[in-house]
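Shown next: protein_34.cif, given as mmCIF, C-alpha atoms.
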data_query
loop_
_atom_site.group_PDB
_atom_site.id
_atom_site.type_symbol
_atom_site.label_atom_id
_atom_site.label_comp_id
_atom_site.auth_asym_id
_atom_site.auth_seq_id
_atom_site.Cartn_x
_atom_site.Cartn_y
_atom_site.Cartn_z
ATOM 1 C CA MET A 170 0.000 0.000 0.000
ATOM 2 C CA TRP A 171 2.666 2.465 1.114
ATOM 3 C CA GLN A 172 4.931 1.433 -1.737
ATOM 4 C CA ALA A 173 2.118 1.926 -4.208
ATOM 5 C CA PHE A 174 1.626 5.441 -2.837
ATOM 6 C CA VAL A 175 5.335 6.241 -3.121
ATOM 7 C CA ARG A 176 5.352 5.006 -6.704
ATOM 8 C CA TRP A 177 2.270 7.087 -7.522
ATOM 9 C CA PHE A 178 3.847 10.158 -5.895
ATOM 10 C CA HIS A 179 7.087 9.733 -7.838
ATOM 11 C CA LYS A 180 5.268 9.338 -11.107
ATOM 12 C CA TRP A 181 3.212 12.507 -10.609
ATOM 13 C CA SER A 182 6.175 14.493 -9.353
ATOM 14 C CA SER A 183 7.993 13.905 -12.636
ATOM 15 C CA PRO A 184 7.627 17.045 -14.780
ATOM 16 C CA LYS A 185 7.525 15.001 -17.985
ATOM 17 C CA TRP A 186 4.761 12.699 -16.735
ATOM 18 C CA PHE A 187 2.760 15.664 -15.442
ATOM 19 C CA TYR A 188 3.182 17.529 -18.731
ATOM 20 C CA THR A 189 1.994 14.557 -20.764
ATOM 21 C CA MET A 190 -0.970 13.683 -18.567
ATOM 22 C CA SER A 191 -2.241 17.228 -17.970
ATOM 23 C CA GLN A 192 -2.662 18.121 -21.638
ATOM 24 C CA PRO A 193 -6.473 17.737 -21.806
ATOM 25 C CA TRP A 194 -7.115 19.195 -18.337
ATOM 26 C CA SER A 195 -6.561 22.871 -19.017
ATOM 27 C CA PHE A 196 -8.902 22.632 -22.003
ATOM 28 C CA TRP A 197 -11.797 21.125 -20.022
ATOM 29 C CA LEU A 198 -11.199 23.248 -16.928
ATOM 30 C CA GLY A 199 -11.123 26.347 -19.107
ATOM 31 C CA TRP A 200 -14.416 25.563 -20.830
ATOM 32 C CA ALA A 201 -16.189 24.564 -17.627
ATOM 33 C CA ALA A 202 -14.998 27.783 -15.964
ATOM 34 C CA THR A 203 -16.109 29.920 -18.917
ATOM 35 C CA LEU A 204 -19.621 28.462 -18.931
ATOM 36 C CA ILE A 205 -20.075 28.633 -15.167
ATOM 37 C CA ILE A 206 -18.705 32.191 -14.794
ATOM 38 C CA ALA A 207 -20.766 33.459 -17.739
ATOM 39 C CA THR A 208 -23.954 31.945 -16.285
ATOM 40 C CA ALA A 209 -23.192 33.234 -12.789
ATOM 41 C CA LEU A 210 -22.466 36.813 -13.894
ATOM 42 C CA VAL A 211 -25.432 37.143 -16.286
ATOM 43 C CA TRP A 212 -27.632 35.769 -13.513
ATOM 44 C CA GLY A 213 -26.061 38.032 -10.886
ATOM 45 C CA LEU A 214 -26.189 41.188 -12.988
ATOM 46 C CA LEU A 215 -29.533 40.731 -14.695
ATOM 47 C CA PHE A 216 -31.798 38.312 -12.825
ATOM 48 C CA ALA A 217 -30.839 38.400 -9.145
ATOM 49 C CA PRO A 218 -33.179 40.751 -7.273
ATOM 50 C CA VAL A 219 -32.017 44.131 -6.064
ATOM 51 C CA GLU A 220 -30.686 44.280 -2.506
ATOM 52 C CA ARG A 221 -32.873 46.134 -0.015
ATOM 53 C CA LEU A 222 -30.193 48.256 1.706
ATOM 54 C CA GLN A 223 -27.397 48.606 -0.841
ATOM 55 C CA GLY A 224 -29.391 48.796 -4.040
ATOM 56 C CA ASN A 225 -27.667 47.506 -7.167
ATOM 57 C CA SER A 226 -24.104 48.190 -5.991
ATOM 58 C CA TYR A 227 -24.250 44.839 -4.130
ATOM 59 C CA ARG A 228 -23.912 43.108 -7.529
ATOM 60 C CA ILE A 229 -20.169 43.709 -7.190
ATOM 61 C CA ILE A 230 -20.228 40.839 -4.656
ATOM 62 C CA PHE A 231 -20.320 38.307 -7.527
ATOM 63 C CA ILE A 232 -16.722 39.150 -8.452
ATOM 64 C CA HIS A 233 -15.444 40.687 -5.194
ATOM 65 C CA VAL A 234 -15.914 37.680 -2.910
ATOM 66 C CA PRO A 235 -14.745 35.009 -5.413
ATOM 67 C CA SER A 236 -11.555 36.954 -6.162
ATOM 68 C CA ALA A 237 -10.905 37.519 -2.435
ATOM 69 C CA PHE A 238 -11.421 33.781 -1.741
ATOM 70 C CA LEU A 239 -9.093 32.776 -4.555
ATOM 71 C CA SER A 240 -6.369 35.240 -3.571
ATOM 72 C CA GLN A 241 -6.214 33.540 -0.153
ATOM 73 C CA ALA A 242 -6.695 29.945 -1.354
ATOM 74 C CA ILE A 243 -3.910 30.358 -3.931
ATOM 75 C CA TYR A 244 -1.613 31.837 -1.297
ATOM 76 C CA ALA A 245 -2.253 28.837 0.967
ATOM 77 C CA ALA A 246 -1.518 26.539 -1.990
ATOM 78 C CA ILE A 247 1.791 28.331 -2.629
ATOM 79 C CA ALA A 248 2.821 27.834 1.006
ATOM 80 C CA VAL A 249 1.917 24.119 0.989
ATOM 81 C CA LEU A 250 3.674 23.565 -2.341
ATOM 82 C CA GLY A 251 6.713 25.450 -1.060
ATOM 83 C CA LEU A 252 6.851 23.200 1.993
ATOM 84 C CA VAL A 253 6.509 20.082 -0.195
ATOM 85 C CA GLY A 254 9.266 21.405 -2.454
ATOM 86 C CA LEU A 255 11.612 22.147 0.441
ATOM 87 C CA VAL A 256 11.017 18.900 2.326
ATOM 88 C CA TRP A 257 10.885 16.408 -0.551
ATOM 89 C CA LYS A 258 13.028 18.405 -3.001
ATOM 90 C CA MET A 259 10.238 18.151 -5.540
ATOM 91 C CA LYS A 260 10.863 20.338 -8.587
ATOM 92 C CA LEU A 261 7.304 20.165 -9.868
ATOM 93 C CA ALA A 262 5.886 21.578 -6.603
ATOM 94 C CA PHE A 263 8.162 24.602 -7.010
ATOM 95 C CA PHE A 264 7.089 25.050 -10.650
ATOM 96 C CA VAL A 265 3.403 25.061 -9.716
ATOM 97 C CA ALA A 266 4.035 27.365 -6.730
ATOM 98 C CA LYS A 267 5.853 29.882 -8.924
ATOM 99 C CA GLN A 268 3.111 29.983 -11.539
ATOM 100 C CA CYS A 269 0.434 30.384 -8.861
ATOM 101 C CA ILE A 270 1.922 33.800 -8.039
ATOM 102 C CA PRO A 271 0.671 35.915 -10.986
ATOM 103 C CA VAL A 272 -2.788 34.330 -10.840
ATOM 104 C CA GLY A 273 -3.071 34.890 -7.080
ATOM 105 C CA ALA A 274 -1.741 38.441 -7.363
ATOM 106 C CA SER A 275 -4.312 39.279 -10.050
ATOM 107 C CA MET A 276 -7.061 37.932 -7.748
ATOM 108 C CA ALA A 277 -5.820 40.005 -4.788
ATOM 109 C CA LEU A 278 -5.702 43.107 -6.985
ATOM 110 C CA LEU A 279 -9.224 42.441 -8.276
ATOM 111 C CA ALA A 280 -10.543 41.972 -4.723
ATOM 112 C CA LEU A 281 -8.946 45.238 -3.592
ATOM 113 C CA VAL A 282 -10.102 47.299 -6.582
ATOM 114 C CA THR A 283 -13.676 45.974 -6.600
ATOM 115 C CA GLY A 284 -13.767 46.461 -2.816
ATOM 116 C CA ALA A 285 -12.695 50.088 -3.193
ATOM 117 C CA ILE A 286 -15.306 50.682 -5.889
ATOM 118 C CA TRP A 287 -17.987 49.037 -3.752
ATOM 119 C CA GLY A 288 -16.848 51.000 -0.684
ATOM 120 C CA LYS A 289 -17.544 54.357 -2.276
ATOM 121 C CA PRO A 290 -21.365 54.139 -2.494
ATOM 122 C CA THR A 291 -21.652 51.900 0.599
ATOM 123 C CA TRP A 292 -19.271 53.486 3.140
ATOM 124 C CA GLY A 293 -18.662 56.833 1.417
ATOM 125 C CA THR A 294 -14.936 56.159 0.991
ATOM 126 C CA TRP A 295 -12.663 54.308 -1.433
ATOM 127 C CA TRP A 296 -10.109 53.335 1.163
ATOM 128 C CA GLU A 297 -9.700 53.182 4.898
ATOM 129 C CA TRP A 298 -6.614 51.894 6.732
ATOM 130 C CA ASP A 299 -8.599 49.338 8.657
ATOM 131 C CA ALA A 300 -7.666 45.751 9.476
ATOM 132 C CA ARG A 301 -9.391 43.896 6.621
ATOM 133 C CA LEU A 302 -8.344 46.294 3.886
ATOM 134 C CA THR A 303 -4.775 46.636 5.122
ATOM 135 C CA SER A 304 -4.244 42.878 5.554
ATOM 136 C CA MET A 305 -5.508 42.334 1.973
ATOM 137 C CA LEU A 306 -3.042 44.952 0.759
ATOM 138 C CA VAL A 307 -0.303 43.074 2.641
ATOM 139 C CA LEU A 308 -1.382 39.919 0.777
ATOM 140 C CA LEU A 309 -0.931 41.675 -2.573
ATOM 141 C CA LEU A 310 2.484 42.962 -1.465
ATOM 142 C CA LEU A 311 3.484 39.414 -0.418
ATOM 143 C CA TYR A 312 2.605 38.202 -3.916
ATOM 144 C CA LEU A 313 4.705 40.965 -5.468
ATOM 145 C CA GLY A 314 7.565 40.109 -3.086
ATOM 146 C CA LEU A 315 7.417 36.423 -4.093
ATOM 147 C CA TRP A 316 7.569 37.311 -7.784
ATOM 148 C CA ALA A 317 10.432 39.768 -7.192
ATOM 149 C CA LEU A 318 12.399 37.072 -5.326
ATOM 150 C CA HIS A 319 12.077 34.703 -8.290
ATOM 151 C CA ASN A 320 13.325 37.376 -10.643
ATOM 152 C CA ALA A 321 16.152 38.546 -8.378
ATOM 153 C CA MET A 322 17.941 35.192 -8.197
ATOM 154 C CA GLU A 323 20.415 34.190 -10.828
ATOM 155 C CA ARG A 324 19.731 30.479 -10.397
ATOM 156 C CA PRO A 325 16.036 29.591 -10.597
ATOM 157 C CA GLU A 326 16.527 26.928 -7.882
ATOM 158 C CA SER A 327 17.583 29.618 -5.392
ATOM 159 C CA GLY A 328 14.499 31.639 -6.301
ATOM 160 C CA ASP A 329 12.310 28.594 -5.659
ATOM 161 C CA ARG A 330 13.732 28.088 -2.181
ATOM 162 C CA ALA A 331 13.754 31.772 -1.183
ATOM 163 C CA ALA A 332 10.158 32.242 -2.351
ATOM 164 C CA ALA A 333 9.038 29.095 -0.505
ATOM 165 C CA ILE A 334 10.485 30.451 2.755
ATOM 166 C CA LEU A 335 8.863 33.872 2.297
ATOM 167 C CA ALA A 336 5.549 32.180 1.433
ATOM 168 C CA LEU A 337 5.687 30.120 4.633
ATOM 169 C CA VAL A 338 6.478 33.173 6.773
ATOM 170 C CA GLY A 339 3.648 35.130 5.127
ATOM 171 C CA VAL A 340 1.076 32.473 6.055
ATOM 172 C CA VAL A 341 0.491 34.358 9.342
ATOM 173 C CA ASN A 342 -1.323 36.968 7.254
ATOM 174 C CA LEU A 343 -4.091 34.525 6.259
ATOM 175 C CA PRO A 344 -5.738 34.167 9.704
ATOM 176 C CA ILE A 345 -5.301 37.923 10.155
ATOM 177 C CA ILE A 346 -7.354 38.515 6.993
ATOM 178 C CA LYS A 347 -9.984 35.991 8.051
ATOM 179 C CA PHE A 348 -10.472 37.180 11.623
ATOM 180 C CA SER A 349 -9.802 40.883 11.001
ATOM 181 C CA VAL A 350 -13.538 41.535 10.794
ATOM 182 C CA GLU A 351 -14.029 39.986 14.240
ATOM 183 C CA TRP A 352 -10.907 41.088 16.133
ATOM 184 C CA TRP A 353 -10.999 44.761 15.226
ATOM 185 C CA ASN A 354 -13.620 47.379 14.553
ATOM 186 C CA THR A 355 -13.783 47.535 10.822
ATOM 187 C CA LEU A 356 -15.959 48.972 8.115
ATOM 188 C CA HIS A 357 -15.991 45.619 6.372
ATOM 189 C CA GLN A 358 -19.024 43.439 6.938
ATOM 190 C CA PRO A 359 -18.500 39.971 8.476
ATOM 191 C CA ALA A 360 -18.276 36.869 6.304
ATOM 192 C CA THR A 361 -21.345 36.172 4.167
ATOM 193 C CA LEU A 362 -20.777 32.419 4.110
ATOM 194 C CA LYS A 363 -20.246 30.504 7.346
ATOM 195 C CA PHE A 364 -20.082 26.746 7.763
ATOM 196 C CA THR A 365 -22.111 26.874 10.954
ATOM 197 C CA GLU A 366 -25.053 28.936 9.761
ATOM 198 C CA ALA A 367 -27.464 29.013 6.876
ATOM 199 C CA PRO A 368 -26.459 31.760 4.422
ATOM 200 C CA PRO A 369 -28.355 35.016 5.013
ATOM 201 C CA MET A 370 -29.043 35.378 1.320
ATOM 202 C CA HIS A 371 -32.026 34.703 -0.860
ATOM 203 C CA THR A 372 -31.635 31.625 -3.101
ATOM 204 C CA SER A 373 -31.847 33.764 -6.241
ATOM 205 C CA MET A 374 -28.711 35.602 -5.079
ATOM 206 C CA LEU A 375 -27.026 32.619 -3.423
ATOM 207 C CA ILE A 376 -26.972 30.328 -6.479
ATOM 208 C CA PRO A 377 -25.133 32.753 -8.816
ATOM 209 C CA PHE A 378 -22.871 33.695 -5.883
ATOM 210 C CA LEU A 379 -21.815 30.083 -5.276
ATOM 211 C CA MET A 380 -21.499 29.477 -9.029
ATOM 212 C CA ALA A 381 -19.199 32.479 -9.357
ATOM 213 C CA ILE A 382 -16.963 31.129 -6.571
ATOM 214 C CA LEU A 383 -16.830 27.691 -8.246
ATOM 215 C CA GLY A 384 -16.144 29.296 -11.636
ATOM 216 C CA PHE A 385 -13.259 31.372 -10.262
ATOM 217 C CA TYR A 386 -11.775 28.228 -8.679
ATOM 218 C CA LEU A 387 -11.925 26.326 -11.972
ATOM 219 C CA ALA A 388 -10.568 29.265 -13.990
ATOM 220 C CA SER A 389 -7.650 29.742 -11.599
ATOM 221 C CA MET A 390 -6.837 26.034 -11.805
ATOM 222 C CA ALA A 391 -6.881 26.229 -15.609
ATOM 223 C CA TRP A 392 -4.622 29.300 -15.636
ATOM 224 C CA VAL A 393 -2.120 27.824 -13.146
ATOM 225 C CA LEU A 394 -2.071 24.602 -15.160
ATOM 226 C CA MET A 395 -1.412 26.381 -18.472
ATOM 227 C CA ARG A 396 1.353 28.399 -16.841
ATOM 228 C CA THR A 397 2.895 25.361 -15.133
ATOM 229 C CA ARG A 398 3.086 23.490 -18.449
ATOM 230 C CA LEU A 399 5.050 26.393 -19.926
ATOM 231 C CA GLU A 400 7.252 26.636 -16.822
ATOM 232 C CA ILE A 401 8.107 22.939 -17.282
ATOM 233 C CA LEU A 402 9.129 23.554 -20.898
ATOM 234 C CA GLN A 403 11.253 26.527 -19.924
ATOM 235 C CA ARG A 404 13.009 24.918 -16.950
ATOM 236 C CA GLU A 405 13.548 21.520 -18.602
ATOM 237 C CA ARG A 406 14.453 22.895 -22.020
ATOM 238 C CA LYS A 407 17.777 21.052 -22.060
ATOM 239 C CA SER A 408 16.154 17.652 -21.916
ATOM 240 C CA ARG A 409 15.502 15.738 -25.090
ATOM 241 C CA TRP A 410 11.701 15.443 -24.792
ATOM 242 C CA VAL A 411 11.237 19.207 -24.311
ATOM 243 C CA GLU A 412 13.352 19.895 -27.374
ATOM 244 C CA ASP A 413 11.140 17.530 -29.378
ATOM 245 C CA GLU A 414 8.038 19.259 -28.038
ATOM 246 C CA LEU A 415 9.371 22.722 -28.924
ATOM 247 C CA ASN A 416 10.357 21.508 -32.394
ATOM 248 C CA ARG A 417 6.819 20.276 -32.857
ATOM 249 C CA PHE A 418 5.463 23.710 -31.785
ATOM 250 C CA SER A 419 7.855 25.528 -34.130
ATOM 251 C CA GLU A 420 6.774 23.462 -37.107
ATOM 252 C CA GLY A 421 3.111 23.867 -36.239
ATOM 253 C CA GLN A 422 3.352 27.627 -36.188
ATOM 254 C CA MET B 117 -35.808 42.108 -18.495
ATOM 255 C CA GLY B 118 -34.828 40.106 -15.428
ATOM 256 C CA ALA B 119 -34.882 42.277 -12.335
ATOM 257 C CA PHE B 120 -35.018 45.493 -14.418
ATOM 258 C CA GLU B 121 -37.813 47.291 -16.176
ATOM 259 C CA SER B 122 -35.834 48.189 -19.279
ATOM 260 C CA PHE B 123 -32.394 47.940 -20.828
ATOM 261 C CA SER B 124 -31.588 51.515 -19.834
ATOM 262 C CA ALA B 125 -32.577 50.717 -16.245
ATOM 263 C CA PHE B 126 -30.214 47.735 -16.447
ATOM 264 C CA LEU B 127 -27.369 49.998 -17.601
ATOM 265 C CA ALA B 128 -28.163 52.607 -14.951
ATOM 266 C CA MET B 129 -28.239 50.047 -12.068
ATOM 267 C CA GLY B 130 -30.298 52.434 -9.949
ATOM 268 C CA ASP B 131 -27.774 55.202 -9.518
ATOM 269 C CA HIS B 132 -24.913 52.714 -9.095
ATOM 270 C CA GLY B 133 -24.141 52.060 -12.768
ATOM 271 C CA VAL B 134 -20.693 53.678 -12.625
ATOM 272 C CA TYR B 135 -19.642 51.514 -9.670
ATOM 273 C CA VAL B 136 -21.049 48.212 -10.908
ATOM 274 C CA TRP B 137 -19.788 48.544 -14.471
ATOM 275 C CA SER B 138 -16.331 49.810 -13.553
ATOM 276 C CA ALA B 139 -15.928 46.889 -11.111
ATOM 277 C CA TYR B 140 -16.953 44.424 -13.840
ATOM 278 C CA ALA B 141 -14.614 46.145 -16.323
ATOM 279 C CA VAL B 142 -11.679 45.580 -13.964
ATOM 280 C CA GLY B 143 -12.824 41.963 -13.616
ATOM 281 C CA ALA B 144 -12.816 41.575 -17.406
ATOM 282 C CA ALA B 145 -9.321 43.079 -17.583
ATOM 283 C CA VAL B 146 -8.005 40.634 -14.958
ATOM 284 C CA ILE B 147 -9.532 37.685 -16.839
ATOM 285 C CA ALA B 148 -8.034 38.962 -20.109
ATOM 286 C CA PHE B 149 -4.590 39.238 -18.482
ATOM 287 C CA ASN B 150 -4.796 35.655 -17.227
ATOM 288 C CA VAL B 151 -5.859 34.340 -20.639
ATOM 289 C CA VAL B 152 -3.407 36.352 -22.759
ATOM 290 C CA ALA B 153 -0.229 36.200 -20.615
ATOM 291 C CA PRO B 154 0.342 32.421 -21.025
ATOM 292 C CA ARG B 155 -0.185 32.740 -24.784
ATOM 293 C CA LEU B 156 2.522 35.402 -25.016
ATOM 294 C CA HIS B 157 4.808 33.264 -22.843
ATOM 295 C CA ARG B 158 4.289 30.307 -25.186
ATOM 296 C CA GLN B 159 5.139 32.392 -28.232
ATOM 297 C CA ARG B 160 8.275 33.688 -26.516
ATOM 298 C CA LEU B 161 9.358 30.118 -25.693
ATOM 299 C CA ILE B 162 8.927 29.111 -29.345
ATOM 300 C CA SER B 163 10.800 32.098 -30.754
ATOM 301 C CA ASP B 164 13.650 31.589 -28.254
ATOM 302 C CA HIS B 165 13.806 27.961 -29.281
ATOM 303 C CA LYS B 166 13.908 28.839 -32.989
ATOM 304 C CA ARG B 167 16.714 31.337 -32.406
ATOM 305 C CA ARG B 168 18.682 28.696 -30.500
ATOM 306 C CA MET B 169 18.219 26.184 -33.327
ATOM 307 C CA ARG B 170 19.411 28.682 -35.945
ATOM 308 C CA ARG B 171 22.468 29.525 -33.864
ATOM 309 C CA GLU B 172 23.355 25.848 -33.533
ATOM 310 C CA GLN B 173 23.064 25.259 -37.282
ATOM 311 C CA ARG B 174 25.656 27.879 -38.069
#
How does this structure look as structure tokens?
Amino acid sequence: MWQAFVRWFHKWSSPKWFYTMSQPWSFWLGWAATLIIATALVWGLLFAPVERLQGNSYRIIFIHVPSAFLSQAIYAAIAVLGLVGLVWKMKLAFFVAKQCIPVGASMALLALVTGAIWGKPTWGTWWEWDARLTSMLVLLLLYLGLWALHNAMERPESGDRAAAILALVGVVNLPIIKFSVEWWNTLHQPATLKFTEAPPMHTSMLIPFLMAILGFYLASMAWVLMRTRLEILQRERKSRWVEDELNRFSEGQ
Amino acid sequence: MGAFESFSAFLAMGDHGVYVWSAYAVGAAVIAFNVVAPRLHRQRLISDHKRRMRREQR
């Protein structure tokens, strides 16, 4: 049993095996994400009823909350992958972790910008240095720091290790983001979705809301996968199979 | 039309049209970045590879 697991792990941690097997995934993930996000946003913008207190500005929630979720989930994934890479010296984990960075950073930026836009009609201000907003800005800065570390190192392997360590240190920011709305007085409303309570949302708002979250998850997975496949080609370009693959691309173009 | 009386009411979003549509425009830009960036990376990989091949032939 254990040996079977080790064999399975070794097979999937081989960049070549992963590259070969993952070919159809990004295609299907991408199409599923496109359909689900399109349905969710048309539903959220056009068919979901207007909110009693906030009027139509609440419709920003259908992109604000999914992007905020993803920016944190992707950060957690980077930290776990970094740990796996450091402990088991697994190249592929580092490749995935690196290519998570731009996707996660774009999600953090989207959450911050849509939050600022939503804040204006709701709170009367674009920005306030309160706990939730500041800790989300720190998350974006962590992403930028991770990317800068990768680019600063001459050897990509050093960048992998340095970024993994920074990612692990930065994990303390995740509970701060989550509990910031409870620990401090903040403008930000508490979490809409809780595991312990029924959601305080009408079904006609809740369904597109949950679909949007699912769609953002699938889209982010597709984007990270596409990027990881290219990272594999770039980092393994001296091996024979990558050269064959690039030759095939060059002829196809 | 859905939750709105007319198409112009849909565009106006009460008096929140500017906020809703600018937020969705930023969302569209972020999605476009994530779709386009890997394509550009792929093209760069291929052109680098071609240059390397040409150099080796000489």
Residue members of the PyMOL selection byres ((chain A and resi 227) around 12) in the file shown, as a ChimeraX atom specification: /A:213-214,217-226,228-234,283-284,286-291,370,374,378 /B:129-130,132-133,135-137,139
For chain B, list the residues within 8 Å of chain A, counting all atoms listed in the file, and write the list as a PDB file with C-alpha atoms, keeping the file's coordinate frame.
ATOM      1  CA  MET B 117     -35.808  42.108 -18.495  1.00  0.00           C
ATOM      2  CA  GLY B 118     -34.828  40.106 -15.428  1.00  0.00           C
ATOM      3  CA  ALA B 119     -34.882  42.277 -12.335  1.00  0.00           C
ATOM      4  CA  PHE B 120     -35.018  45.493 -14.418  1.00  0.00           C
ATOM      5  CA  PHE B 126     -30.214  47.735 -16.447  1.00  0.00           C
ATOM      6  CA  MET B 129     -28.239  50.047 -12.068  1.00  0.00           C
ATOM      7  CA  GLY B 130     -30.298  52.434  -9.949  1.00  0.00           C
ATOM      8  CA  HIS B 132     -24.913  52.714  -9.095  1.00  0.00           C
ATOM      9  CA  GLY B 133     -24.141  52.060 -12.768  1.00  0.00           C
ATOM     10  CA  TYR B 135     -19.642  51.514  -9.670  1.00  0.00           C
ATOM     11  CA  VAL B 136     -21.049  48.212 -10.908  1.00  0.00           C
ATOM     12  CA  SER B 138     -16.331  49.810 -13.553  1.00  0.00           C
ATOM     13  CA  ALA B 139     -15.928  46.889 -11.111  1.00  0.00           C
ATOM     14  CA  TYR B 140     -16.953  44.424 -13.840  1.00  0.00           C
ATOM     15  CA  VAL B 142     -11.679  45.580 -13.964  1.00  0.00           C
ATOM     16  CA  GLY B 143     -12.824  41.963 -13.616  1.00  0.00           C
ATOM     17  CA  VAL B 146      -8.005  40.634 -14.958  1.00  0.00           C
ATOM     18  CA  ASN B 150      -4.796  35.655 -17.227  1.00  0.00           C
ATOM     19  CA  VAL B 151      -5.859  34.340 -20.639  1.00  0.00           C
ATOM     20  CA  PRO B 154       0.342  32.421 -21.025  1.00  0.00           C
ATOM     21  CA  HIS B 157       4.808  33.264 -22.843  1.00  0.00           C
ATOM     22  CA  ARG B 158       4.289  30.307 -25.186  1.00  0.00           C
ATOM     23  CA  LEU B 161       9.358  30.118 -25.693  1.00  0.00           C
ATOM     24  CA  ILE B 162       8.927  29.111 -29.345  1.00  0.00           C
ATOM     25  CA  SER B 163      10.800  32.098 -30.754  1.00  0.00           C
ATOM     26  CA  HIS B 165      13.806  27.961 -29.281  1.00  0.00           C
ATOM     27  CA  LYS B 166      13.908  28.839 -32.989  1.00  0.00           C
TER      28      LYS B 166
END
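The interatomic distance for the pair atom CA of Leu362 of chain A and atom CA of Gly339 of chain A works out to 24.6 Å.
Closest approach to Ile147 of chain B among A:Gly384, A:Gly314, A:Trp197, A:Ala246 is made by A:Gly384 (distances from all atoms listed in the file).
All residues of protein, DNA or RNA that reach within 10 Å of Leu335 of chain A, judged by only C-alpha atoms and not counting those fewer than 6 positions away in the chain, are Ala248, Gly251, Leu311, Tyr312, Gly314, Leu315 and Leu318 of chain A.
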Residues returned when the PyMOL selection byres ((chain A and resi 260) around 9) runs on this file, as a PyMOL selection string: chain A and resi 182-184+254+257-259+261-265+326+329
Å distance separating atom CA of Leu356 of chain A from atom CA of Trp295 of chain A, one decimal place: 11.4 Å
Atom CA of Asn354 of chain A to atom CA of Trp292 of chain A, straight-line distance in Å: 14.1 Å
Exercise: residues within 10 Å of coordinate (-7.5, 33.0, -1.8), counting only C-alpha atoms, as a PyMOL selection string: chain A and resi 234-246+273-274+276-277+280+308+343+386
Deliver the residues from the most recent selection as a file, using C-alpha atoms, as a PDB file, in the frame of the given file.
ATOM      1  CA  VAL A 234     -15.914  37.680  -2.910  1.00  0.00           C
ATOM      2  CA  PRO A 235     -14.745  35.009  -5.413  1.00  0.00           C
ATOM      3  CA  SER A 236     -11.555  36.954  -6.162  1.00  0.00           C
ATOM      4  CA  ALA A 237     -10.905  37.519  -2.435  1.00  0.00           C
ATOM      5  CA  PHE A 238     -11.421  33.781  -1.741  1.00  0.00           C
ATOM      6  CA  LEU A 239      -9.093  32.776  -4.555  1.00  0.00           C
ATOM      7  CA  SER A 240      -6.369  35.240  -3.571  1.00  0.00           C
ATOM      8  CA  GLN A 241      -6.214  33.540  -0.153  1.00  0.00           C
ATOM      9  CA  ALA A 242      -6.695  29.945  -1.354  1.00  0.00           C
ATOM     10  CA  ILE A 243      -3.910  30.358  -3.931  1.00  0.00           C
ATOM     11  CA  TYR A 244      -1.613  31.837  -1.297  1.00  0.00           C
ATOM     12  CA  ALA A 245      -2.253  28.837   0.967  1.00  0.00           C
ATOM     13  CA  ALA A 246      -1.518  26.539  -1.990  1.00  0.00           C
ATOM     14  CA  GLY A 273      -3.071  34.890  -7.080  1.00  0.00           C
ATOM     15  CA  ALA A 274      -1.741  38.441  -7.363  1.00  0.00           C
ATOM     16  CA  MET A 276      -7.061  37.932  -7.748  1.00  0.00           C
ATOM     17  CA  ALA A 277      -5.820  40.005  -4.788  1.00  0.00           C
ATOM     18  CA  ALA A 280     -10.543  41.972  -4.723  1.00  0.00           C
ATOM     19  CA  LEU A 308      -1.382  39.919   0.777  1.00  0.00           C
ATOM     20  CA  LEU A 343      -4.091  34.525   6.259  1.00  0.00           C
ATOM     21  CA  TYR A 386     -11.775  28.228  -8.679  1.00  0.00           C
TER      22      TYR A 386
END
Nearest residue to Val256 of chain A from the set A:Ile334, A:Val350, A:Leu198, A:Leu306 (distances using only C-alpha atoms):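 Smallest distance to Val256 of chain A is found for A:Ile334.
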Six-sided padding of 4 Å per side, axis-aligned box over segment 158-164 of chain B, centre and edges in Å, one decimal, as AutoDock Vina command-line options:
--center_x 9.0 --center_y 31.4 --center_z -28.0 --size_x 17.4 --size_y 12.6 --size_z 13.6
Model the absent atoms of segment 234-239 of chain A so that N, CA, C and O atoms are present, and write the result as a tab-separated table (two decimals), in the frame of the given file.
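Heads up, here's the output in out_23.tsv:
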chain	number	residue	atom	x	y	z
A	234	VAL	N	-16.15	38.78	-3.85
A	234	VAL	CA	-15.91	37.68	-2.91
A	234	VAL	C	-15.16	36.51	-3.57
A	234	VAL	O	-14.20	36.01	-2.99
A	235	PRO	N	-15.54	36.08	-4.81
A	235	PRO	CA	-14.74	35.01	-5.41
A	235	PRO	C	-13.27	35.38	-5.56
A	235	PRO	O	-12.39	34.57	-5.25
A	236	SER	N	-12.97	36.61	-5.99
A	236	SER	CA	-11.56	36.95	-6.16
A	236	SER	C	-10.85	37.02	-4.81
A	236	SER	O	-9.68	36.61	-4.70
A	237	ALA	N	-11.53	37.49	-3.77
A	237	ALA	CA	-10.90	37.52	-2.44
A	237	ALA	C	-10.64	36.09	-1.94
A	237	ALA	O	-9.57	35.80	-1.41
A	238	PHE	N	-11.61	35.19	-2.12
A	238	PHE	CA	-11.42	33.78	-1.74
A	238	PHE	C	-10.19	33.20	-2.44
A	238	PHE	O	-9.34	32.59	-1.84
A	239	LEU	N	-10.16	33.40	-3.77
A	239	LEU	CA	-9.09	32.78	-4.56
A	239	LEU	C	-7.73	33.34	-4.17
A	239	LEU	O	-6.75	32.60	-4.12
